[in-house]
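Quick look at entry37.pdb (PDB, C-alpha atoms and all ligand atoms):
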MODEL        1
ATOM      1  CA  MET A 231      19.251  25.550 -10.226
ATOM      2  CA  TRP A 232      17.018  24.814 -13.239
ATOM      3  CA  ASN A 233      20.011  23.578 -15.194
ATOM      4  CA  ARG A 234      20.565  20.831 -12.675
ATOM      5  CA  VAL A 235      20.120  17.306 -13.993
ATOM      6  CA  LYS A 236      16.503  16.568 -13.280
ATOM      7  CA  THR A 237      15.361  13.436 -11.534
ATOM      8  CA  ASN A 238      14.072  11.055 -14.089
ATOM      9  CA  LEU A 239      10.389  10.163 -13.599
ATOM     10  CA  LYS A 240      11.286   6.523 -14.050
ATOM     11  CA  SER A 241      13.400   6.512 -10.907
ATOM     12  CA  VAL A 242      10.755   8.563  -9.059
ATOM     13  CA  LEU A 243       8.052   6.070  -9.910
ATOM     14  CA  SER A 244      10.253   3.062  -9.301
ATOM     15  CA  ARG A 245       8.390   1.818  -6.210
ATOM     16  CA  THR A 246       5.051   1.791  -8.014
ATOM     17  CA  ALA A 247       6.494   0.451 -11.255
ATOM     18  CA  GLY A 248       8.570  -2.162  -9.412
ATOM     19  CA  GLY A 249       5.482  -3.532  -7.629
ATOM     20  CA  VAL A 250       3.330  -3.539 -10.747
ATOM     21  CA  GLN A 251       5.974  -5.119 -12.932
ATOM     22  CA  GLN A 252       6.770  -7.809 -10.404
ATOM     23  CA  GLY A 253       3.072  -8.658 -10.124
ATOM     24  CA  TRP A 254       2.820  -8.715 -13.909
ATOM     25  CA  SER A 255       5.810 -10.978 -14.429
ATOM     26  CA  SER A 256       3.577 -13.859 -15.552
ATOM     27  CA  LEU A 257       2.610 -11.682 -18.516
ATOM     28  CA  PHE A 258       6.036 -10.228 -19.257
ATOM     29  CA  LYS A 259       7.675 -13.659 -19.185
ATOM     30  CA  ALA A 260       4.810 -15.543 -20.865
ATOM     31  CA  LYS A 261       5.494 -17.625 -23.954
ATOM     32  CA  SER A 262       1.770 -18.128 -24.538
ATOM     33  CA  TRP A 263      -1.480 -16.638 -23.220
ATOM     34  CA  GLN A 264      -2.061 -19.776 -21.099
ATOM     35  CA  ASP A 265       0.876 -18.734 -18.898
ATOM     36  CA  VAL A 266      -0.804 -15.498 -17.823
ATOM     37  CA  ASP A 267      -2.193 -15.342 -14.272
ATOM     38  CA  TRP A 268      -5.042 -12.853 -14.769
ATOM     39  CA  ASP A 269      -6.108 -12.743 -11.117
ATOM     40  CA  THR A 270      -2.656 -11.660  -9.993
ATOM     41  CA  LEU A 271      -2.551  -9.035 -12.727
ATOM     42  CA  GLU A 272      -5.766  -7.512 -11.435
ATOM     43  CA  GLU A 273      -4.784  -7.786  -7.780
ATOM     44  CA  THR A 274      -1.494  -6.027  -8.503
ATOM     45  CA  LEU A 275      -3.241  -3.083 -10.128
ATOM     46  CA  LEU A 276      -5.583  -2.762  -7.180
ATOM     47  CA  LEU A 277      -2.632  -2.796  -4.758
ATOM     48  CA  ALA A 278      -1.097   0.094  -6.726
ATOM     49  CA  ASP A 279      -4.427   1.951  -6.309
ATOM     50  CA  VAL A 280      -5.274   2.008 -10.003
ATOM     51  CA  GLY A 281      -8.912   1.316  -9.032
ATOM     52  CA  THR A 282     -11.339  -1.332 -10.261
ATOM     53  CA  ASP A 283     -12.718   0.470 -13.329
ATOM     54  CA  ALA A 284      -9.351   1.498 -14.740
ATOM     55  CA  ALA A 285      -7.866  -1.909 -13.877
ATOM     56  CA  GLU A 286     -10.631  -3.624 -15.817
ATOM     57  CA  LYS A 287      -9.978  -1.410 -18.837
ATOM     58  CA  LEU A 288      -6.265  -2.127 -18.690
ATOM     59  CA  LEU A 289      -6.894  -5.863 -18.580
ATOM     60  CA  ASP A 290      -9.338  -5.525 -21.496
ATOM     61  CA  ALA A 291      -6.625  -3.696 -23.416
ATOM     62  CA  VAL A 292      -4.192  -6.551 -22.757
ATOM     63  CA  LYS A 293      -6.781  -9.119 -23.856
ATOM     64  CA  ALA A 294      -7.456  -7.141 -27.029
ATOM     65  CA  TYR A 295      -3.755  -7.116 -27.899
ATOM     66  CA  LYS A 296      -3.056  -9.255 -30.933
ATOM     67  CA  GLY A 297       0.682  -8.772 -31.305
ATOM     68  CA  ASP A 298       3.714 -10.603 -30.012
ATOM     69  CA  ILE A 299       3.219 -11.459 -26.328
ATOM     70  CA  GLY A 300       6.965 -11.480 -25.681
ATOM     71  CA  THR A 301       8.266  -8.023 -26.436
ATOM     72  CA  GLY A 302       5.398  -5.985 -27.861
ATOM     73  CA  ILE A 303       3.198  -6.036 -24.789
ATOM     74  CA  ARG A 304       5.112  -3.331 -22.914
ATOM     75  CA  ALA A 305       4.844  -0.928 -25.854
ATOM     76  CA  HIS A 306       1.134  -1.709 -26.053
ATOM     77  CA  LEU A 307       0.647  -0.919 -22.348
ATOM     78  CA  ILE A 308       2.589   2.336 -22.681
ATOM     79  CA  GLN A 309       0.453   3.334 -25.631
ATOM     80  CA  HIS A 310      -2.808   2.432 -23.887
ATOM     81  CA  THR A 311      -1.895   4.257 -20.648
ATOM     82  CA  THR A 312      -0.722   7.312 -22.583
ATOM     83  CA  THR A 313      -3.997   7.463 -24.503
ATOM     84  CA  VAL A 314      -6.054   7.087 -21.322
ATOM     85  CA  MET A 315      -4.104   9.753 -19.404
ATOM     86  CA  LYS A 316      -3.464  12.252 -22.200
ATOM     87  CA  PRO A 317      -6.747  14.165 -21.730
ATOM     88  CA  PHE A 318      -5.687  14.961 -18.159
ATOM     89  CA  GLU A 319      -2.419  16.704 -18.997
ATOM     90  CA  GLY A 320      -3.090  20.132 -17.523
ATOM     91  CA  ALA A 321      -0.632  22.950 -17.844
ATOM     92  CA  LEU A 322      -0.582  25.317 -14.888
ATOM     93  CA  HIS A 323       0.469  28.662 -16.291
ATOM     94  CA  PRO A 324       1.584  31.575 -14.158
ATOM     95  CA  SER A 325      -1.826  33.062 -13.323
ATOM     96  CA  PRO A 326      -3.085  36.232 -11.629
ATOM     97  CA  VAL A 327      -4.311  34.223  -8.624
ATOM     98  CA  VAL A 328      -3.398  30.679  -7.641
ATOM     99  CA  LEU A 329      -4.982  29.279  -4.482
ATOM    100  CA  PHE A 330      -3.480  26.187  -2.851
ATOM    101  CA  VAL A 331      -5.824  23.971  -0.855
ATOM    102  CA  GLY A 332      -5.579  20.503   0.644
ATOM    103  CA  VAL A 333      -5.370  18.475   3.817
ATOM    104  CA  ASN A 334      -2.564  18.878   6.360
ATOM    105  CA  GLY A 335       0.816  17.866   5.025
ATOM    106  CA  SER A 336      -0.283  17.358   1.415
ATOM    107  CA  GLY A 337       2.429  19.726   0.204
ATOM    108  CA  LYS A 338       0.640  23.067  -0.300
ATOM    109  CA  THR A 339       3.445  25.241   1.044
ATOM    110  CA  THR A 340       6.219  23.257  -0.631
ATOM    111  CA  THR A 341       4.431  23.277  -4.001
ATOM    112  CA  LEU A 342       3.787  27.005  -3.724
ATOM    113  CA  GLY A 343       7.488  27.527  -3.045
ATOM    114  CA  LYS A 344       8.552  25.420  -6.016
ATOM    115  CA  LEU A 345       6.211  27.279  -8.386
ATOM    116  CA  ALA A 346       7.154  30.702  -7.001
ATOM    117  CA  ALA A 347      10.796  29.916  -7.731
ATOM    118  CA  LEU A 348      10.004  28.593 -11.211
ATOM    119  CA  TRP A 349       7.813  31.506 -12.249
ATOM    120  CA  GLY A 350      10.028  34.080 -10.551
ATOM    121  CA  HIS A 351      12.918  32.648 -12.524
ATOM    122  CA  GLN A 352      10.868  33.110 -15.703
ATOM    123  CA  GLY A 353      10.603  36.822 -14.932
ATOM    124  CA  HIS A 354       7.173  37.059 -13.295
ATOM    125  CA  ARG A 355       6.520  39.396 -10.391
ATOM    126  CA  VAL A 356       5.362  36.950  -7.749
ATOM    127  CA  HIS A 357       3.474  37.927  -4.613
ATOM    128  CA  ILE A 358       2.885  35.395  -1.852
ATOM    129  CA  ILE A 359       0.036  35.536   0.647
ATOM    130  CA  ALA A 360       0.506  33.623   3.892
ATOM    131  CA  GLY A 361      -3.110  32.517   4.268
ATOM    132  CA  ASP A 362      -2.273  29.820   6.806
ATOM    133  CA  THR A 363      -2.884  31.781   9.987
ATOM    134  CA  PHE A 364      -3.827  28.611  11.849
ATOM    135  CA  ARG A 365      -0.679  26.579  12.339
ATOM    136  CA  ALA A 366       2.084  28.012  14.512
ATOM    137  CA  GLY A 367       5.223  28.288  12.394
ATOM    138  CA  ALA A 368       3.382  28.282   9.050
ATOM    139  CA  THR A 369       4.453  31.822   8.125
ATOM    140  CA  GLU A 370       8.074  31.118   9.078
ATOM    141  CA  GLN A 371       8.057  27.989   6.891
ATOM    142  CA  LEU A 372       6.648  29.973   3.994
ATOM    143  CA  SER A 373       9.150  32.808   4.492
ATOM    144  CA  LEU A 374      11.961  30.384   3.710
ATOM    145  CA  TRP A 375      10.450  29.831   0.259
ATOM    146  CA  ALA A 376       9.552  33.499  -0.200
ATOM    147  CA  LYS A 377      12.921  35.176   0.317
ATOM    148  CA  ASP A 378      13.028  36.549  -3.230
ATOM    149  CA  PHE A 379       9.412  37.706  -3.389
ATOM    150  CA  SER A 380       7.042  40.166  -1.790
ATOM    151  CA  MET A 381       4.828  38.567   0.814
ATOM    152  CA  THR A 382       1.768  39.503   2.847
ATOM    153  CA  THR A 383       1.371  38.030   6.317
ATOM    154  CA  GLY A 384      -1.146  38.533   9.078
ATOM    155  CA  GLN A 385      -3.022  36.902  11.919
ATOM    156  CA  GLY A 386      -6.583  35.887  12.599
ATOM    157  CA  ASP A 387      -9.110  35.565   9.788
ATOM    158  CA  PRO A 388      -7.280  34.378   6.633
ATOM    159  CA  ALA A 389      -9.890  36.134   4.474
ATOM    160  CA  SER A 390      -8.645  39.498   5.749
ATOM    161  CA  VAL A 391      -5.009  38.506   5.102
ATOM    162  CA  VAL A 392      -5.993  37.567   1.547
ATOM    163  CA  TYR A 393      -7.762  40.914   1.146
ATOM    164  CA  LYS A 394      -4.682  42.775   2.333
ATOM    165  CA  GLY A 395      -2.418  40.675   0.102
ATOM    166  CA  LEU A 396      -4.453  41.156  -3.069
ATOM    167  CA  MET A 397      -4.506  44.920  -2.520
ATOM    168  CA  ALA A 398      -0.743  44.958  -1.903
ATOM    169  CA  ALA A 399      -0.066  42.879  -5.022
ATOM    170  CA  GLN A 400      -2.126  45.281  -7.132
ATOM    171  CA  GLU A 401      -0.251  48.292  -5.812
ATOM    172  CA  ASN A 402       3.008  46.501  -6.420
ATOM    173  CA  ASN A 403       2.052  45.488  -9.990
ATOM    174  CA  ASP A 404       2.735  41.861  -9.186
ATOM    175  CA  ASP A 405       1.306  39.669 -11.945
ATOM    176  CA  VAL A 406       1.185  36.342 -10.095
ATOM    177  CA  VAL A 407      -0.332  35.953  -6.626
ATOM    178  CA  LEU A 408       0.123  32.648  -4.815
ATOM    179  CA  ILE A 409      -2.055  32.019  -1.768
ATOM    180  CA  ASP A 410      -1.074  29.459   0.854
ATOM    181  CA  THR A 411      -3.836  28.129   3.117
ATOM    182  CA  ALA A 412      -4.010  26.076   6.283
ATOM    183  CA  GLY A 413      -4.405  22.326   5.983
ATOM    184  CA  ARG A 414      -7.927  21.160   6.737
ATOM    185  CA  LEU A 415      -9.934  17.985   6.666
ATOM    186  CA  PRO A 416     -13.065  17.923   4.567
ATOM    187  CA  ASN A 417     -15.176  17.124   7.658
ATOM    188  CA  GLN A 418     -14.025  20.247   9.538
ATOM    189  CA  VAL A 419     -17.071  22.303   8.646
ATOM    190  CA  GLY A 420     -15.865  25.529  10.297
ATOM    191  CA  LEU A 421     -12.558  25.451   8.420
ATOM    192  CA  MET A 422     -14.236  24.604   5.133
ATOM    193  CA  ASP A 423     -16.610  27.576   5.621
ATOM    194  CA  GLN A 424     -13.575  29.747   6.317
ATOM    195  CA  MET A 425     -12.187  28.605   2.945
ATOM    196  CA  LYS A 426     -15.417  29.605   1.174
ATOM    197  CA  LYS A 427     -15.184  33.065   2.744
ATOM    198  CA  LEU A 428     -11.562  33.384   1.637
ATOM    199  CA  TYR A 429     -12.519  32.408  -1.906
ATOM    200  CA  GLY A 430     -15.336  34.986  -1.800
ATOM    201  CA  VAL A 431     -12.738  37.704  -1.168
ATOM    202  CA  ILE A 432     -10.799  36.643  -4.270
ATOM    203  CA  GLN A 433     -13.963  36.720  -6.371
ATOM    204  CA  LYS A 434     -14.865  40.148  -5.044
ATOM    205  CA  LEU A 435     -11.463  41.743  -5.591
ATOM    206  CA  ARG A 436     -10.537  40.007  -8.829
ATOM    207  CA  PRO A 437     -13.887  39.353 -10.566
ATOM    208  CA  GLU A 438     -12.400  39.605 -14.041
ATOM    209  CA  GLN A 439      -9.496  37.288 -13.446
ATOM    210  CA  SER A 440      -9.533  33.542 -13.381
ATOM    211  CA  CYS A 441      -8.409  31.963 -10.140
ATOM    212  CA  GLN A 442      -6.644  28.642 -10.333
ATOM    213  CA  GLY A 443      -7.752  26.434  -7.464
ATOM    214  CA  VAL A 444      -5.014  23.871  -6.958
ATOM    215  CA  LEU A 445      -5.765  20.864  -4.778
ATOM    216  CA  THR A 446      -2.555  19.268  -3.539
ATOM    217  CA  LEU A 447      -2.679  15.560  -2.750
ATOM    218  CA  ASP A 448      -0.270  13.232  -1.012
ATOM    219  CA  ALA A 449       0.097  10.168  -3.231
ATOM    220  CA  THR A 450       1.170   8.022  -0.293
ATOM    221  CA  VAL A 451      -2.355   8.082   1.172
ATOM    222  CA  GLY A 452      -3.717   6.243  -1.859
ATOM    223  CA  GLN A 453      -7.515   5.926  -1.880
ATOM    224  CA  HIS A 454      -8.046   8.655   0.742
ATOM    225  CA  ALA A 455      -7.034  11.163  -1.918
ATOM    226  CA  LEU A 456     -10.306  10.444  -3.712
ATOM    227  CA  VAL A 457     -12.446  11.558  -0.759
ATOM    228  CA  GLN A 458     -10.372  14.722  -0.600
ATOM    229  CA  ILE A 459     -11.018  15.523  -4.266
ATOM    230  CA  GLU A 460     -14.725  14.949  -3.805
ATOM    231  CA  ASN A 461     -15.033  17.159  -0.727
ATOM    232  CA  PHE A 462     -12.720  20.042  -1.580
ATOM    233  CA  GLN A 463     -14.572  20.460  -4.860
ATOM    234  CA  LYS A 464     -17.761  21.140  -2.886
ATOM    235  CA  CYS A 465     -16.062  24.012  -1.100
ATOM    236  CA  VAL A 466     -13.964  25.834  -3.719
ATOM    237  CA  PRO A 467     -13.717  25.485  -7.490
ATOM    238  CA  VAL A 468     -10.784  23.083  -7.896
ATOM    239  CA  THR A 469      -9.344  23.625 -11.371
ATOM    240  CA  GLY A 470      -6.603  20.998 -11.173
ATOM    241  CA  LEU A 471      -4.596  18.601  -9.038
ATOM    242  CA  ILE A 472      -0.969  18.358  -8.007
ATOM    243  CA  MET A 473       0.004  14.908  -6.807
ATOM    244  CA  ASN A 474       2.897  15.194  -4.365
ATOM    245  CA  LYS A 475       5.262  12.627  -2.851
ATOM    246  CA  MET A 476       5.238  10.493  -5.986
ATOM    247  CA  ASP A 477       8.831   9.705  -5.049
ATOM    248  CA  GLY A 478       7.888   7.806  -1.897
ATOM    249  CA  THR A 479       4.975   5.609  -2.812
ATOM    250  CA  ALA A 480       4.052   2.249  -4.277
ATOM    251  CA  LYS A 481       0.547   3.624  -4.853
ATOM    252  CA  GLY A 482       1.325   5.842  -7.829
ATOM    253  CA  GLY A 483      -1.566   4.231  -9.721
ATOM    254  CA  ILE A 484      -3.803   6.583  -7.730
ATOM    255  CA  LEU A 485      -3.201   9.133 -10.473
ATOM    256  CA  ILE A 486      -5.000   6.896 -12.984
ATOM    257  CA  GLN A 487      -7.887   6.348 -10.598
ATOM    258  CA  ALA A 488      -8.221  10.042  -9.732
ATOM    259  CA  CYS A 489      -8.378  11.014 -13.418
ATOM    260  CA  HIS A 490     -10.773   8.212 -14.193
ATOM    261  CA  ARG A 491     -13.217   9.220 -11.449
ATOM    262  CA  TYR A 492     -13.070  12.990 -11.381
ATOM    263  CA  GLY A 493     -11.813  14.076 -14.770
ATOM    264  CA  LEU A 494      -9.735  16.943 -13.371
ATOM    265  CA  PRO A 495      -6.486  18.014 -15.031
ATOM    266  CA  ILE A 496      -3.229  17.029 -13.375
ATOM    267  CA  TYR A 497      -1.125  20.171 -13.178
ATOM    268  CA  GLY A 498       1.967  18.389 -12.023
ATOM    269  CA  LEU A 499       3.740  15.954  -9.783
ATOM    270  CA  GLY A 500       5.787  16.585  -6.672
ATOM    271  CA  VAL A 501       8.823  14.342  -6.845
ATOM    272  CA  GLY A 502      10.811  15.484  -3.807
ATOM    273  CA  GLU A 503      11.234  18.228  -1.252
ATOM    274  CA  SER A 504      13.620  20.568  -2.984
ATOM    275  CA  VAL A 505      12.863  23.559  -5.150
ATOM    276  CA  SER A 506      13.394  21.833  -8.500
ATOM    277  CA  ASP A 507      11.315  18.756  -7.614
ATOM    278  CA  PHE A 508       8.193  19.682  -9.561
ATOM    279  CA  ARG A 509       7.310  18.083 -12.892
ATOM    280  CA  PRO A 510       4.515  19.053 -15.261
ATOM    281  CA  PHE A 511       2.365  15.998 -15.862
ATOM    282  CA  VAL A 512       3.140  14.375 -19.201
ATOM    283  CA  ALA A 513       1.033  11.277 -19.884
ATOM    284  CA  SER A 514       3.624   9.510 -22.034
ATOM    285  CA  ASP A 515       6.373  10.000 -19.404
ATOM    286  CA  TYR A 516       4.125   8.569 -16.727
ATOM    287  CA  ALA A 517       3.138   5.594 -18.909
ATOM    288  CA  ASP A 518       6.743   4.982 -19.839
ATOM    289  CA  ALA A 519       7.867   5.120 -16.193
ATOM    290  CA  LEU A 520       5.156   2.649 -15.258
ATOM    291  CA  TRP A 521       5.570   0.039 -17.980
ATOM    292  CA  SER A 522       8.934   0.164 -19.671
ATOM    293  CA  THR A 523      11.672  -2.302 -18.740
ATOM    294  CA  PRO A 524      13.198  -1.315 -15.380
ATOM    295  CA  GLU A 525      16.639   0.268 -15.627
ATOM    296  CA  GLY A 526      19.356  -2.326 -15.344
ATOM    297  CA  ALA A 527      16.979  -5.233 -16.045
TER     298      ALA A 527
HETATM  299  N1  LIG B 601       9.230  13.313  -0.604
HETATM  300  C1  LIG B 601       8.463  14.368  -0.815
HETATM  301  N2  LIG B 601       8.142  15.155   0.223
HETATM  302  C2  LIG B 601       7.350  16.215  -0.016
HETATM  303  C3  LIG B 601       6.836  16.519  -1.306
HETATM  304  N3  LIG B 601       6.068  17.624  -1.196
HETATM  305  C4  LIG B 601       6.117  18.000   0.105
HETATM  306  N4  LIG B 601       6.880  17.162   0.834
HETATM  307  C5  LIG B 601       7.175  17.188   2.273
HETATM  308  O1  LIG B 601       5.960  16.949   2.970
HETATM  309  C6  LIG B 601       5.918  17.691   4.173
HETATM  310  C7  LIG B 601       4.654  18.544   4.189
HETATM  311  O2  LIG B 601       4.765  19.512   3.163
HETATM  312  P1  LIG B 601       4.122  20.963   3.305
HETATM  313  O3  LIG B 601       4.419  21.695   2.065
HETATM  314  O4  LIG B 601       4.500  21.591   4.600
HETATM  315  O5  LIG B 601       2.598  20.548   3.357
HETATM  316  P2  LIG B 601       1.349  21.479   3.663
HETATM  317  O6  LIG B 601       0.208  20.957   2.875
HETATM  318  O7  LIG B 601       1.698  22.904   3.458
HETATM  319  O8  LIG B 601       1.139  21.174   5.215
HETATM  320  P3  LIG B 601       0.245  22.031   6.275
HETATM  321  O9  LIG B 601       0.569  23.458   6.073
HETATM  322  O10 LIG B 601       0.658  21.501   7.607
HETATM  323  O11 LIG B 601      -1.171  21.698   5.964
HETATM  324  C8  LIG B 601       7.202  18.508   4.229
HETATM  325  O12 LIG B 601       8.144  17.827   5.010
HETATM  326  C9  LIG B 601       7.650  18.555   2.759
HETATM  327  O13 LIG B 601       9.049  18.699   2.633
HETATM  328  C10 LIG B 601       7.187  15.638  -2.398
HETATM  329  O14 LIG B 601       6.788  15.786  -3.551
HETATM  330  N5  LIG B 601       8.001  14.595  -2.087
HETATM  331 MG    MG B 602       1.563  24.551   4.714
ENDMDL
END

Could you take the file, read its structure, and then write that structure out as structure tokens?
Ligand SMILES: Nc1nc2c(ncn2[C@@H]2O[C@H](COP(=O)(O)OP(=O)(O)OP(=O)(O)O)[C@@H](O)[C@H]2O)c(=O)[nH]1
Ligand SMILES: [Mg+2]
Amino acid sequence: MWNRVKTNLKSVLSRTAGGVQQGWSSLFKAKSWQDVDWDTLEETLLLADVGTDAAEKLLDAVKAYKGDIGTGIRAHLIQHTTTVMKPFEGALHPSPVVLFVGVNGSGKTTTLGKLAALWGHQGHRVHIIAGDTFRAGATEQLSLWAKDFSMTTGQGDPASVVYKGLMAAQENNDDVVLIDTAGRLPNQVGLMDQMKKLYGVIQKLRPEQSCQGVLTLDATVGQHALVQIENFQKCVPVTGLIMNKMDGTAKGGILIQACHRYGLPIYGLGVGESVSDFRPFVASDYADALWSTPEGA
């Protein structure tokens, strides 16, 4: 399956890039700087959820550009966006414990399944813990992704399922443990406390090993993703973000805003629902998908 032709990020990001590039047509078609409609440029970035601070910096970068306004401006924008986003390229390596957290429907289970398949394919012994004991059908959904791996399930307190799973993984010599959790909203205090307890179990059983805390986000919700980053970080150590559903949104600029505000690494992008639809985040690919000439144009 990994040999399949992979979806090109440019086509995945086409809704965001299409909107931005249409809004920026006064710049791309300009013969002189007088032709540029700066207000529309800014408004377009805000509509794509790039955020005010990052939008301002992008506009400053355009204003600072001294080259040929006709053709060179796209290359300049690609270079600027790559430089800005490069520090947030975060590689998520197969780790002893990876905990997936996020609001309902943000893609925790799907992302876990994609990474289990990827790392299993690379030869790792993957163990999956079904820590979502809340939603009816959650374990069945996870089982579909977990057919090739050992899995711990249970009912009731997810902390005890995690305990059982970590012990089983150790006995089994599994080197990668992936923990699914129930979706929760940051204002659900009881569920957030439950998450802290669950994390406490990981710390207790695996004190020597680093735990990757992956916050999955749904790019289609735009600005709401920022509140989620802020609040989940208060509950568990979030080590990086995975931005899902990049394939279905015109708000893909949220990635720039999230990096700008919170400085967390982006572990990857979800670009569809199937097993191979995960991409590591590469700043230059993202910048290129956003600013280069649309295919066929
Ligand atoms: N288009 C698209 N759909 C996705 C992506 N990631 C997940 N989905 C879909 O989004 C829906 C929710 O995904 P789940 O993985 O169940 O999300 P979750 O966070 O585990 O949800 P809960 O367990 O209910 O909290 C499913 O229909 C997935 O197929 C993505 O990158 N692109
Ligand atoms: Mg789930």

Kindly provide, as a ChimeraX atom specification, all nucleotide and amino acid residues lying within 7 Å of ligand MG 602 (chain B), counting all atoms listed in the file.
-> /A:335,337-339,362,368,410-413

In Å, how far is it from CA of Ile484 in chain A to CA of Met425 in chain A?
->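 Straight-line distance from CA of Ile484 in chain A to CA of Met425 in chain A works out to 25.9 Å.
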
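Taking CA of Gly498 in chain A and CA of Ile472 in chain A as the two end points, the separation is 5.0 Å.
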
May I have the residues within 8 Å of ligand LIG 601 (chain B), computed using only C-alpha atoms and all ligand atoms, as number ranges by chain?
-> A: 331-342, 362, 365, 368, 371, 410-414, 446, 448, 473-478, 499-504, 507-508

The selected residues should be written to file as a PDB file, in the coordinates of the input (atoms: C-alpha atoms).
ATOM      1  CA  VAL A 331      -5.824  23.971  -0.855  1.00  0.00           C
ATOM      2  CA  GLY A 332      -5.579  20.503   0.644  1.00  0.00           C
ATOM      3  CA  VAL A 333      -5.370  18.475   3.817  1.00  0.00           C
ATOM      4  CA  ASN A 334      -2.564  18.878   6.360  1.00  0.00           C
ATOM      5  CA  GLY A 335       0.816  17.866   5.025  1.00  0.00           C
ATOM      6  CA  SER A 336      -0.283  17.358   1.415  1.00  0.00           C
ATOM      7  CA  GLY A 337       2.429  19.726   0.204  1.00  0.00           C
ATOM      8  CA  LYS A 338       0.640  23.067  -0.300  1.00  0.00           C
ATOM      9  CA  THR A 339       3.445  25.241   1.044  1.00  0.00           C
ATOM     10  CA  THR A 340       6.219  23.257  -0.631  1.00  0.00           C
ATOM     11  CA  THR A 341       4.431  23.277  -4.001  1.00  0.00           C
ATOM     12  CA  LEU A 342       3.787  27.005  -3.724  1.00  0.00           C
ATOM     13  CA  ASP A 362      -2.273  29.820   6.806  1.00  0.00           C
ATOM     14  CA  ARG A 365      -0.679  26.579  12.339  1.00  0.00           C
ATOM     15  CA  ALA A 368       3.382  28.282   9.050  1.00  0.00           C
ATOM     16  CA  GLN A 371       8.057  27.989   6.891  1.00  0.00           C
ATOM     17  CA  ASP A 410      -1.074  29.459   0.854  1.00  0.00           C
ATOM     18  CA  THR A 411      -3.836  28.129   3.117  1.00  0.00           C
ATOM     19  CA  ALA A 412      -4.010  26.076   6.283  1.00  0.00           C
ATOM     20  CA  GLY A 413      -4.405  22.326   5.983  1.00  0.00           C
ATOM     21  CA  ARG A 414      -7.927  21.160   6.737  1.00  0.00           C
ATOM     22  CA  THR A 446      -2.555  19.268  -3.539  1.00  0.00           C
ATOM     23  CA  ASP A 448      -0.270  13.232  -1.012  1.00  0.00           C
ATOM     24  CA  MET A 473       0.004  14.908  -6.807  1.00  0.00           C
ATOM     25  CA  ASN A 474       2.897  15.194  -4.365  1.00  0.00           C
ATOM     26  CA  LYS A 475       5.262  12.627  -2.851  1.00  0.00           C
ATOM     27  CA  MET A 476       5.238  10.493  -5.986  1.00  0.00           C
ATOM     28  CA  ASP A 477       8.831   9.705  -5.049  1.00  0.00           C
ATOM     29  CA  GLY A 478       7.888   7.806  -1.897  1.00  0.00           C
ATOM     30  CA  LEU A 499       3.740  15.954  -9.783  1.00  0.00           C
ATOM     31  CA  GLY A 500       5.787  16.585  -6.672  1.00  0.00           C
ATOM     32  CA  VAL A 501       8.823  14.342  -6.845  1.00  0.00           C
ATOM     33  CA  GLY A 502      10.811  15.484  -3.807  1.00  0.00           C
ATOM     34  CA  GLU A 503      11.234  18.228  -1.252  1.00  0.00           C
ATOM     35  CA  SER A 504      13.620  20.568  -2.984  1.00  0.00           C
ATOM     36  CA  ASP A 507      11.315  18.756  -7.614  1.00  0.00           C
ATOM     37  CA  PHE A 508       8.193  19.682  -9.561  1.00  0.00           C
TER      38      PHE A 508
END

Surrounding residues of Asp387 in chain A excluding itself and chain neighbours under 5 positions, 10 Å, only C-alpha atoms, as a compact mmCIF listing (two decimals) with C-alpha atoms, in the frame of the given file:
# COMPACT_ATOMS: atom_id res chain seq x y z
CA GLY A 361 -3.11 32.52 4.27
CA ASP A 362 -2.27 29.82 6.81
CA THR A 363 -2.88 31.78 9.99
CA PHE A 364 -3.83 28.61 11.85
CA VAL A 392 -5.99 37.57 1.55
CA GLN A 424 -13.58 29.75 6.32
CA LYS A 427 -15.18 33.06 2.74
CA LEU A 428 -11.56 33.38 1.64

Save range 478-485 of chain A of the structure in the block above to a file, with N, CA and C atoms included, as a CSV table (one decimal), in the first residue's frame.
chain,number,residue,atom,x,y,z
A,478,GLY,N,-10.1,18.8,3.1
A,478,GLY,CA,-11.5,19.3,2.9
A,478,GLY,C,-11.7,20.7,3.4
A,479,THR,N,-10.7,21.5,3.4
A,479,THR,CA,-10.8,22.9,4.0
A,479,THR,C,-10.3,24.0,3.2
A,480,ALA,N,-10.9,25.2,3.3
A,480,ALA,CA,-10.3,26.4,2.7
A,480,ALA,C,-9.6,27.2,3.8
A,481,LYS,N,-9.5,26.6,5.0
A,481,LYS,CA,-8.9,27.3,6.2
A,481,LYS,C,-7.5,26.7,6.5
A,482,GLY,N,-6.8,26.2,5.5
A,482,GLY,CA,-5.5,25.5,5.8
A,482,GLY,C,-4.4,26.5,6.3
A,483,GLY,N,-4.7,27.8,6.3
A,483,GLY,CA,-3.8,28.7,6.9
A,483,GLY,C,-3.7,28.6,8.4
A,484,ILE,N,-4.7,27.9,9.0
A,484,ILE,CA,-4.7,27.7,10.4
A,484,ILE,C,-3.4,27.1,10.9
A,485,LEU,N,-2.7,26.4,10.1
A,485,LEU,CA,-1.4,25.8,10.4
A,485,LEU,C,-0.4,26.8,10.7
